[in-house]
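**Q** run12.txt is reproduced below (compact mmCIF, C-alpha atoms).
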```
# COMPACT_ATOMS: atom_id res chain seq x y z
CA MET A 1 128.90 144.17 45.03
CA ARG A 2 125.20 143.38 45.19
CA ALA A 3 122.69 140.83 46.38
CA MET A 4 121.99 138.22 43.73
CA ARG A 5 119.16 135.78 43.94
CA ALA A 6 120.15 132.31 42.82
CA ASP A 7 118.19 129.16 42.10
CA LEU A 8 120.98 126.71 41.39
CA HIS A 9 118.96 123.51 41.25
CA VAL A 10 116.76 123.44 38.17
CA HIS A 11 116.09 120.35 36.03
CA THR A 12 115.44 120.23 32.30
CA CYS A 13 113.47 117.82 30.12
CA LEU A 14 116.57 115.61 30.17
CA SER A 15 115.66 114.39 33.65
CA PRO A 16 113.10 111.60 33.18
CA CYS A 17 111.07 112.88 36.14
CA ALA A 18 110.91 116.48 34.82
CA GLU A 19 108.11 117.81 32.61
CA PRO A 20 108.68 118.13 28.84
CA GLU A 21 107.98 121.89 29.23
CA MET A 22 111.41 122.27 30.90
CA VAL A 23 113.16 123.44 27.74
CA PRO A 24 115.92 126.07 27.62
CA THR A 25 114.03 129.17 26.46
CA ALA A 26 111.08 128.46 28.76
CA ILE A 27 113.36 127.93 31.76
CA VAL A 28 115.22 131.18 31.07
CA ASP A 29 111.95 133.10 30.52
CA GLN A 30 110.52 131.85 33.79
CA ALA A 31 113.74 132.59 35.69
CA LYS A 32 113.66 136.16 34.33
CA ARG A 33 110.00 136.51 35.23
CA MET A 34 110.79 135.39 38.77
CA GLY A 35 113.54 137.98 39.03
CA LEU A 36 116.39 135.52 39.47
CA ASP A 37 119.91 136.82 38.87
CA VAL A 38 121.46 133.42 38.20
CA ILE A 39 120.30 129.83 37.78
CA GLY A 40 122.03 126.47 37.87
CA ILE A 41 121.08 123.51 35.72
CA CYS A 42 121.35 120.17 37.51
CA ASP A 43 119.86 117.17 35.75
CA HIS A 44 120.19 113.70 37.22
CA ASN A 45 123.62 112.27 36.41
CA SER A 46 123.89 114.20 33.16
CA GLY A 47 124.90 117.59 31.83
CA GLN A 48 123.78 117.04 28.27
CA ASN A 49 121.29 119.95 28.20
CA VAL A 50 123.48 122.44 30.03
CA GLY A 51 125.09 123.93 26.92
CA ALA A 52 121.68 124.67 25.41
CA VAL A 53 120.45 126.49 28.53
CA LEU A 54 123.74 128.39 28.78
CA GLU A 55 123.20 129.66 25.26
CA ALA A 56 119.54 130.48 25.85
CA GLY A 57 120.60 132.35 28.99
CA ARG A 58 123.27 134.26 27.12
CA ARG A 59 120.64 135.59 24.71
CA ARG A 60 118.57 136.94 27.61
CA ASP A 61 121.56 138.01 29.69
CA LEU A 62 120.90 135.44 32.41
CA PRO A 63 123.98 133.76 33.89
CA VAL A 64 123.66 129.96 34.00
CA ILE A 65 125.91 127.79 36.15
CA PRO A 66 126.66 124.36 34.64
CA GLY A 67 125.82 121.54 37.02
CA MET A 68 124.69 118.00 37.59
CA GLU A 69 122.80 116.19 40.34
CA ILE A 70 124.82 113.07 40.98
CA THR A 71 123.44 109.98 42.71
CA SER A 72 125.99 108.28 44.96
CA ARG A 73 125.88 104.55 45.50
CA GLU A 74 124.16 105.14 48.85
CA GLU A 75 121.47 106.89 46.78
CA VAL A 76 122.38 110.29 48.15
CA HIS A 77 121.89 113.18 45.71
CA VAL A 78 124.77 115.65 45.45
CA LEU A 79 124.81 118.80 43.31
CA GLY A 80 128.03 119.47 41.45
CA LEU A 81 128.29 123.06 40.17
CA PHE A 82 131.08 124.00 37.78
CA ARG A 83 132.88 127.03 36.46
CA ASP A 84 132.38 126.06 32.85
CA GLU A 85 131.32 123.25 30.56
CA GLU A 86 134.82 121.80 30.69
CA GLY A 87 134.58 121.01 34.39
CA LEU A 88 131.12 119.60 33.89
CA SER A 89 132.18 117.39 31.04
CA ALA A 90 135.09 115.98 33.07
CA LEU A 91 132.56 114.82 35.63
CA GLN A 92 130.09 113.74 32.99
CA ASN A 93 132.64 111.29 31.58
CA LEU A 94 133.30 109.81 35.01
CA VAL A 95 129.63 109.52 35.85
CA TYR A 96 128.62 107.93 32.52
CA ALA A 97 131.42 105.37 32.87
CA ASN A 98 130.04 104.39 36.29
CA LEU A 99 126.30 104.51 35.72
CA PRO A 100 124.85 101.09 34.90
CA GLY A 101 121.50 100.39 33.27
CA GLU A 102 119.32 101.68 30.46
CA ASN A 103 116.31 103.97 30.64
CA ASP A 104 112.80 102.68 29.97
CA PRO A 105 110.95 105.78 28.72
CA ASP A 106 107.50 104.17 29.09
CA PHE A 107 107.99 103.66 32.82
CA LEU A 108 110.46 106.34 33.81
CA GLY A 109 109.94 109.12 31.28
CA GLU A 110 111.80 110.45 28.26
CA GLN A 111 115.33 111.85 28.59
CA THR A 112 115.21 114.51 25.94
CA ILE A 113 118.25 116.36 24.65
CA VAL A 114 117.40 119.72 23.04
CA ASP A 115 119.27 122.64 21.52
CA GLU A 116 119.22 126.29 22.58
CA HIS A 117 116.06 126.86 20.51
CA ASP A 118 114.28 123.96 22.25
CA GLU A 119 114.56 121.79 19.13
CA LEU A 120 114.83 118.06 19.67
CA VAL A 121 118.35 116.73 19.30
CA GLY A 122 117.79 113.20 20.59
CA PHE A 123 117.46 111.03 23.67
CA THR A 124 119.99 109.58 26.03
CA THR A 125 119.59 105.90 26.86
CA LYS A 126 121.60 105.99 30.09
CA LEU A 127 119.60 105.15 33.21
CA LEU A 128 119.81 108.68 34.60
CA ILE A 129 117.55 107.89 37.53
CA GLY A 130 119.99 105.17 38.65
CA ALA A 131 122.85 105.33 41.11
CA THR A 132 126.51 105.72 40.18
CA GLY A 133 129.18 103.42 41.60
CA PHE A 134 130.71 106.29 43.58
CA SER A 135 130.44 106.55 47.33
CA LEU A 136 129.28 109.86 48.76
CA GLU A 137 132.88 110.77 49.62
CA GLU A 138 134.13 109.80 46.16
CA THR A 139 131.36 111.87 44.57
CA VAL A 140 132.33 114.97 46.55
CA GLN A 141 136.00 114.37 45.75
CA ALA A 142 135.29 113.98 42.03
CA ILE A 143 133.33 117.25 41.98
CA HIS A 144 136.18 119.07 43.74
CA ASP A 145 138.77 117.49 41.43
CA ALA A 146 136.86 118.98 38.49
CA GLY A 147 137.00 122.40 40.18
CA GLY A 148 133.38 122.36 41.26
CA LEU A 149 131.33 123.07 44.36
CA ALA A 150 129.60 120.13 46.03
CA ILE A 151 126.24 120.65 47.70
CA ALA A 152 124.30 117.82 49.34
CA ALA A 153 120.81 118.10 47.83
CA HIS A 154 117.50 118.34 49.74
CA ILE A 155 118.92 116.84 52.93
CA ASP A 156 115.57 117.24 54.67
CA ARG A 157 113.88 114.69 52.41
CA GLU A 158 113.74 111.04 53.28
CA ARG A 159 114.18 109.94 49.68
CA PHE A 160 117.61 110.53 48.17
CA GLY A 161 118.68 113.03 50.81
CA LEU A 162 121.92 112.72 52.75
CA VAL A 163 120.27 112.62 56.17
CA GLY A 164 117.45 110.30 55.11
CA GLN A 165 119.84 107.79 53.55
CA LEU A 166 122.78 108.04 55.93
CA GLY A 167 121.18 109.34 59.13
CA PHE A 168 123.34 112.46 59.47
CA VAL A 169 126.08 114.37 57.68
CA PRO A 170 129.25 112.23 57.97
CA GLU A 171 131.90 113.89 60.10
CA GLY A 172 134.42 115.82 58.04
CA LEU A 173 132.54 115.44 54.74
CA PRO A 174 133.91 118.39 52.76
CA VAL A 175 130.66 119.57 51.15
CA ASP A 176 130.52 123.29 50.39
CA ALA A 177 126.91 123.54 51.51
CA VAL A 178 123.79 121.53 52.15
CA GLU A 179 120.51 122.28 50.41
CA VAL A 180 117.12 122.05 52.07
CA SER A 181 113.72 122.03 50.36
CA ALA A 182 111.42 124.99 49.95
CA ASP A 183 109.19 123.94 52.84
CA ALA A 184 112.01 123.20 55.29
CA SER A 185 113.12 125.55 58.04
CA VAL A 186 116.53 126.93 57.09
CA GLU A 187 117.08 128.16 60.65
CA ALA A 188 116.40 124.74 62.15
CA TRP A 189 118.85 123.07 59.78
CA GLU A 190 121.48 125.76 60.35
CA ALA A 191 121.36 124.92 64.04
CA GLY A 192 121.76 121.23 63.32
CA VAL A 193 124.56 121.07 60.77
CA ASP A 194 128.07 122.48 60.80
CA CYS A 195 127.82 123.78 57.25
CA ASN A 196 126.27 126.46 55.02
CA VAL A 197 122.57 125.87 54.46
CA VAL A 198 121.09 126.98 51.15
CA THR A 199 117.74 126.42 49.53
CA PHE A 200 116.89 126.07 45.86
CA SER A 201 113.73 125.00 44.06
CA ASP A 202 114.73 121.60 42.61
CA ALA A 203 112.23 122.60 39.90
CA HIS A 204 110.94 119.81 37.68
CA VAL A 205 108.15 122.06 36.32
CA LEU A 206 108.32 125.67 35.12
CA ARG A 207 106.10 127.12 37.83
CA ASP A 208 108.52 125.94 40.55
CA ILE A 209 111.54 127.82 39.22
CA GLY A 210 112.62 130.47 41.72
CA THR A 211 109.98 129.52 44.29
CA SER A 212 112.88 128.77 46.59
CA SER A 213 116.21 130.54 46.24
CA THR A 214 119.25 131.82 48.08
CA SER A 215 120.61 135.36 47.92
CA PHE A 216 124.35 135.81 47.75
CA LEU A 217 126.37 139.01 48.03
CA LEU A 218 128.55 138.85 44.92
CA GLU A 219 130.60 140.98 42.55
CA GLU A 220 129.30 138.97 39.61
CA ALA A 221 127.26 135.83 39.12
CA THR A 222 130.01 133.28 38.65
CA LEU A 223 130.87 129.99 40.33
CA GLU A 224 134.08 131.46 41.77
CA GLU A 225 132.11 134.24 43.43
CA ILE A 226 129.52 131.82 44.81
CA GLY A 227 132.35 129.71 46.21
CA MET A 228 133.79 132.81 47.87
CA ALA A 229 130.38 133.62 49.32
CA LEU A 230 130.09 130.13 50.80
CA ARG A 231 133.53 130.62 52.39
CA ASN A 232 132.74 134.23 53.45
CA GLU A 233 135.75 135.59 51.57
CA ASP A 234 136.48 139.21 50.63
CA GLY A 235 133.10 140.53 51.67
CA ARG A 236 131.13 137.93 49.72
CA GLY A 237 128.55 136.01 51.68
CA VAL A 238 125.27 134.20 51.90
CA LEU A 239 122.58 136.78 52.65
CA GLU A 240 119.37 134.84 52.90
CA ALA A 241 118.03 131.44 52.09
CA GLY A 242 114.32 131.23 51.69
CA GLY A 243 111.24 131.27 49.52
CA GLY A 244 110.84 133.10 46.24
CA MET B 1 120.88 84.12 71.64
CA LYS B 2 124.49 85.15 71.30
CA LEU B 3 125.86 86.76 68.16
CA ALA B 4 128.44 83.95 67.87
CA GLU B 5 125.67 81.38 67.40
CA ILE B 6 124.19 83.43 64.58
CA VAL B 7 127.59 83.75 62.94
CA ASP B 8 128.01 79.96 63.08
CA THR B 9 124.55 78.99 61.93
CA LEU B 10 124.33 81.49 59.07
CA ASP B 11 127.99 80.99 58.18
CA LEU B 12 128.66 84.71 58.31
CA LYS B 13 132.12 86.09 57.62
CA VAL B 14 133.22 88.39 60.45
CA ARG B 15 135.04 91.43 59.08
CA THR B 16 135.72 93.42 62.25
CA GLY B 17 136.33 92.86 65.93
CA GLY B 18 133.73 93.43 68.58
CA ASP B 19 131.87 91.32 71.06
CA LEU B 20 130.43 88.15 69.54
CA GLU B 21 129.37 86.94 72.99
CA ARG B 22 126.83 89.71 73.15
CA GLU B 23 123.20 88.75 73.56
CA VAL B 24 121.01 89.58 70.55
CA SER B 25 117.62 90.98 71.52
CA GLY B 26 116.05 90.92 68.07
CA GLY B 27 116.60 92.21 64.57
CA TYR B 28 115.93 95.16 62.31
CA ALA B 29 116.31 95.53 58.55
CA SER B 30 116.48 98.79 56.62
CA ASP B 31 118.79 100.65 54.27
CA LEU B 32 117.56 104.08 55.29
CA MET B 33 119.68 105.06 58.25
CA SER B 34 117.23 107.70 59.41
CA ASP B 35 114.71 104.88 59.69
CA VAL B 36 117.14 102.69 61.64
CA ILE B 37 117.81 105.53 64.06
CA ALA B 38 114.07 105.89 64.54
CA HIS B 39 113.10 102.23 64.88
CA ALA B 40 115.93 99.82 65.72
CA ALA B 41 116.30 98.81 69.36
CA LYS B 42 119.24 98.16 71.66
CA GLY B 43 120.77 94.74 71.12
CA HIS B 44 119.28 94.26 67.65
CA VAL B 45 121.24 92.73 64.85
CA TRP B 46 120.88 95.03 61.81
CA VAL B 47 120.57 93.64 58.29
CA THR B 48 121.47 96.12 55.53
CA LEU B 49 123.26 96.56 52.23
CA GLN B 50 124.70 99.95 53.14
CA ILE B 51 128.50 99.81 53.46
CA HIS B 52 129.11 103.49 54.23
CA GLN B 53 130.92 104.32 57.49
CA ASN B 54 127.78 105.91 58.90
CA VAL B 55 126.45 102.39 59.57
CA VAL B 56 128.95 102.15 62.43
CA ALA B 57 127.89 105.44 63.96
CA VAL B 58 124.25 104.42 63.74
CA ALA B 59 124.99 101.02 65.33
CA SER B 60 126.92 102.72 68.15
CA LEU B 61 124.22 105.28 68.71
CA LYS B 62 121.51 102.64 68.92
CA GLU B 63 123.72 100.15 70.82
CA LEU B 64 123.05 97.47 68.23
CA ALA B 65 124.63 94.05 68.66
CA GLY B 66 126.09 93.99 65.16
CA ILE B 67 125.63 94.62 61.45
CA VAL B 68 125.05 91.98 58.78
CA LEU B 69 125.85 93.11 55.25
CA VAL B 70 123.97 91.17 52.58
CA ASN B 71 124.51 90.27 48.93
CA GLY B 72 128.21 89.77 49.59
CA ARG B 73 128.75 93.48 49.98
CA GLU B 74 132.01 94.31 51.74
CA PRO B 75 132.37 97.27 54.13
CA GLU B 76 134.33 100.28 52.89
CA GLN B 77 137.81 100.66 54.40
CA ALA B 78 136.69 103.67 56.47
CA THR B 79 133.79 101.60 57.75
CA VAL B 80 136.09 98.79 58.89
CA GLU B 81 138.40 101.24 60.66
CA ARG B 82 135.57 102.94 62.42
CA ALA B 83 133.99 99.63 63.44
CA GLU B 84 137.32 98.45 64.87
CA SER B 85 137.63 101.57 66.99
CA GLU B 86 134.03 101.40 68.18
CA ASN B 87 133.94 97.62 68.67
CA ILE B 88 131.02 97.01 66.35
CA PRO B 89 130.96 93.55 64.78
CA ILE B 90 130.37 93.67 61.01
CA MET B 91 129.49 90.38 59.34
CA VAL B 92 129.02 89.57 55.68
CA SER B 93 126.71 87.11 53.96
CA PRO B 94 126.51 86.25 50.26
CA LEU B 95 122.75 85.75 50.71
CA THR B 96 120.03 88.32 50.00
CA ALA B 97 118.42 90.29 52.82
CA PHE B 98 115.27 88.17 52.46
CA GLU B 99 117.20 84.95 52.97
CA VAL B 100 119.28 86.27 55.86
CA ILE B 101 116.25 87.61 57.68
CA GLY B 102 114.31 84.38 57.10
CA ARG B 103 117.10 82.34 58.62
CA LEU B 104 117.41 84.71 61.57
CA TYR B 105 113.70 84.39 62.20
CA GLU B 106 113.94 80.61 62.11
CA LEU B 107 116.58 80.91 64.83
CA GLY B 108 114.14 82.87 66.97
CA VAL B 109 115.50 86.35 66.24
CA THR B 110 112.39 88.48 65.70
CA GLY B 111 111.56 92.10 65.08
CA SER B 112 110.17 92.50 68.54
CA THR B 113 111.34 95.51 70.51
CA ASP B 114 110.58 94.08 73.96
```
Output the structure of this file as structure tokens.
**A**
Amino acid sequence: MRAMRADLHVHTCLSPCAEPEMVPTAIVDQAKRMGLDVIGICDHNSGQNVGAVLEAGRRRDLPVIPGMEITSREEVHVLGLFRDEEGLSALQNLVYANLPGENDPDFLGEQTIVDEHDELVGFTTKLLIGATGFSLEETVQAIHDAGGLAIAAHIDRERFGLVGQLGFVPEGLPVDAVEVSADASVEAWEAGVDCNVVTFSDAHVLRDIGTSSTSFLLEEATLEEIGMALRNEDGRGVLEAGGG
Amino acid sequence: MKLAEIVDTLDLKVRTGGDLEREVSGGYASDLMSDVIAHAAKGHVWVTLQIHQNVVAVASLKELAGIVLVNGREPEQATVERAESENIPIMVSPLTAFEVIGRLYELGVTGSTD
């Protein structure tokens, strides 16, 4: 078992608010340069670029966890991290069926789908920046039903964070962890919530990848192992959440 | 002014129990609950479109007089149950927040925190 540094909240050029430079090979290169052992790809309400980054990661021997950053109807962002593309696509279907609206690239940015060599495949017209019809609880449930881990994203931020939107973490909400931003105090949040606190970069530009990460003690860099670490099972655990 | 008067005048639909004879001290409107916790005052009626059960906890914490949900939004089941147990009146209006707040202001319900 060894310590593995994970940045499980990285966007790609599919997210309208992310830079066009966030293409698979560049993301993987930067993650390697930053010494990360595993990354997670979480675009807003879509997993359409995950396969490409998985493949780019495979070529460089960098494990990539498939994920999605889902917007609940309360406008709370929740990360769903999955074992494989199958789990992700189960959630993708649910989310797309409950995500109204159409993107306006001029105002909101392009939503670019690329392949594992960064070549343009197309654009998605879904309004990825919008909110789904799912409540926070339904979102967490849907992630768990698809075999995933649910992490409330950047709860320290007023915009789109669980605490900003809903005041506090609802009692009994079965999230596997809460994420705080790079500049937040992990210790302070640990004292305030009854839950694992992790930190990831939420990178929308290359230079942010790995600037905030969490170290896990794992046998290998898989979702199962990360889940075990969050539950402190069989010697796995969360070692340190902090800056890059 | 009592909550019951507001219910009558604005033709609100009352979805949970709670004390409609309570005196309303003013009003607050926001959909960010962290903001409501920071700025609403005791006895305020709260205008929001959030239907999540945390609205009840926030209203209890701040000792608000009641919650008005706008745009015809109905409280989630868990929200209703929690409101029943904490005696927080939840009312529903088909009108927009702008309309509801305007009518409240006409009635003399202001944003004052005195």
**Q** Write down, as a list in words, each residue of chain B that has any atom within 6 Å of an atom of chain A, counting all atoms listed in the file.
**A**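 Residues passing the distance filter: Leu32, Met33 and Ser34 of chain B.
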**Q** Kindly extract all protein, DNA and RNA residues lying within 10 Å of the coordinates (111.9, 107.1, 34.6) given in the file, considering only C-alpha atoms, and supply them as a list of chain:residue names.
**A**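 In the file's frame, the residues around the point are A:Ser15, A:Pro16, A:Cys17, A:Ala18, A:Asn103, A:Asp104, A:Pro105, A:Asp106, A:Phe107, A:Leu108, A:Gly109, A:Glu110, A:Gln111, A:Leu127, A:Leu128, A:Ile129, A:Gly130.
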**Q** How far is it from CA of Ile6 in chain B to CA of Val45 in chain B, in Å with one decimal?
**A**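 It comes out at 9.8 Å.
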**Q** Grab the CA of Asp61 in chain A to CA of Met22 in chain A distance for me, in Å with one decimal place.
**A** 18.8 Å
**Q** Quick one: everything within 6 Å of Phe200 in chain A, counting all atoms listed in the file, minus sequence neighbours fewer than 4 positions away in the same chain. Send it as a ChimeraX atom specification.
**A** /A:7,9,212-213
**Q** Please compute the CA of Gly172 in chain A-CA of Val92 in chain B distance, one decimal, in Å.
**A**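 Computing the Euclidean distance for CA of Gly172 in chain A and CA of Val92 in chain B yields 26.9 Å.
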**Q** Counting all atoms listed in the file, what is within 12 Å of Ile37 in chain B, bar same-chain residues fewer than 2 positions away, as a PyMOL selection string?
**A** (chain A and resi 163-168) or (chain B and resi 28-35+39-42+44+46+54-64)
**Q** Could you check which of B:Thr9, B:Ser112, B:Asn87, B:Thr96 is closest to Leu69 in chain B, using only C-alpha atoms?
**A**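 Checking each of B:Thr9, B:Ser112, B:Asn87, B:Thr96 against Leu69 in chain B, counting only C-alpha atoms, the winner is B:Thr96.
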**Q** With distances taken over all atoms listed in the file, which residue among A:Leu14, A:Ile143, A:Val38, A:Leu206 lies nearest Val175 in chain A?
**A**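 Checking each of A:Leu14, A:Ile143, A:Val38, A:Leu206 against Val175 in chain A, counting all atoms listed in the file, the winner is A:Ile143.
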**Q** Identify the residues around (110.5, 121.6, 50.6) within a radius of 8 Å, measuring from all atoms listed in the file in the coordinates stated by the file, and give them as a list in words.
**A**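 So the residues meeting the distance criterion are His154, Asp156, Arg157, Val180, Ser181, Ala182, Asp183 and Ala184 of chain A.
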**Q** Would you mind listing what lies within 12 Å of Pro75 in chain B as JSON, numbers by chain, with only C-alpha atoms counted and same-chain residues fewer than 2 positions away left out?
**A** {"A": [135], "B": [13, 14, 15, 16, 48, 49, 50, 51, 52, 53, 54, 55, 56, 67, 68, 69, 70, 71, 72, 73, 77, 78, 79, 80, 81, 82, 83, 84, 89, 90, 91, 92, 93]}
**Q** Give me the residues near Ile88 in chain B as a PDB file with C-alpha atoms, in the frame of the given file, where near means some atom within 6 Å (using all atoms listed in the file) and where sequence neighbours in that chain fewer than 2 positions away do not count.
**A**
```
ATOM      1  CA  GLY B  18     133.730  93.430  68.580  1.00  0.00           C
ATOM      2  CA  GLY B  66     126.090  93.990  65.160  1.00  0.00           C
ATOM      3  CA  ALA B  83     133.990  99.630  63.440  1.00  0.00           C
ATOM      4  CA  GLU B  86     134.030 101.400  68.180  1.00  0.00           C
TER       5      GLU B  86
END
```
**Q** Quick one: everything within 7 Å of Leu218 in chain A, counting all atoms listed in the file, minus sequence neighbours fewer than 6 positions away in the same chain. Send it as a list of chain:residue names.
**A** A:Met1, A:Arg2, A:Ala3, A:Met4, A:Glu225, A:Arg236
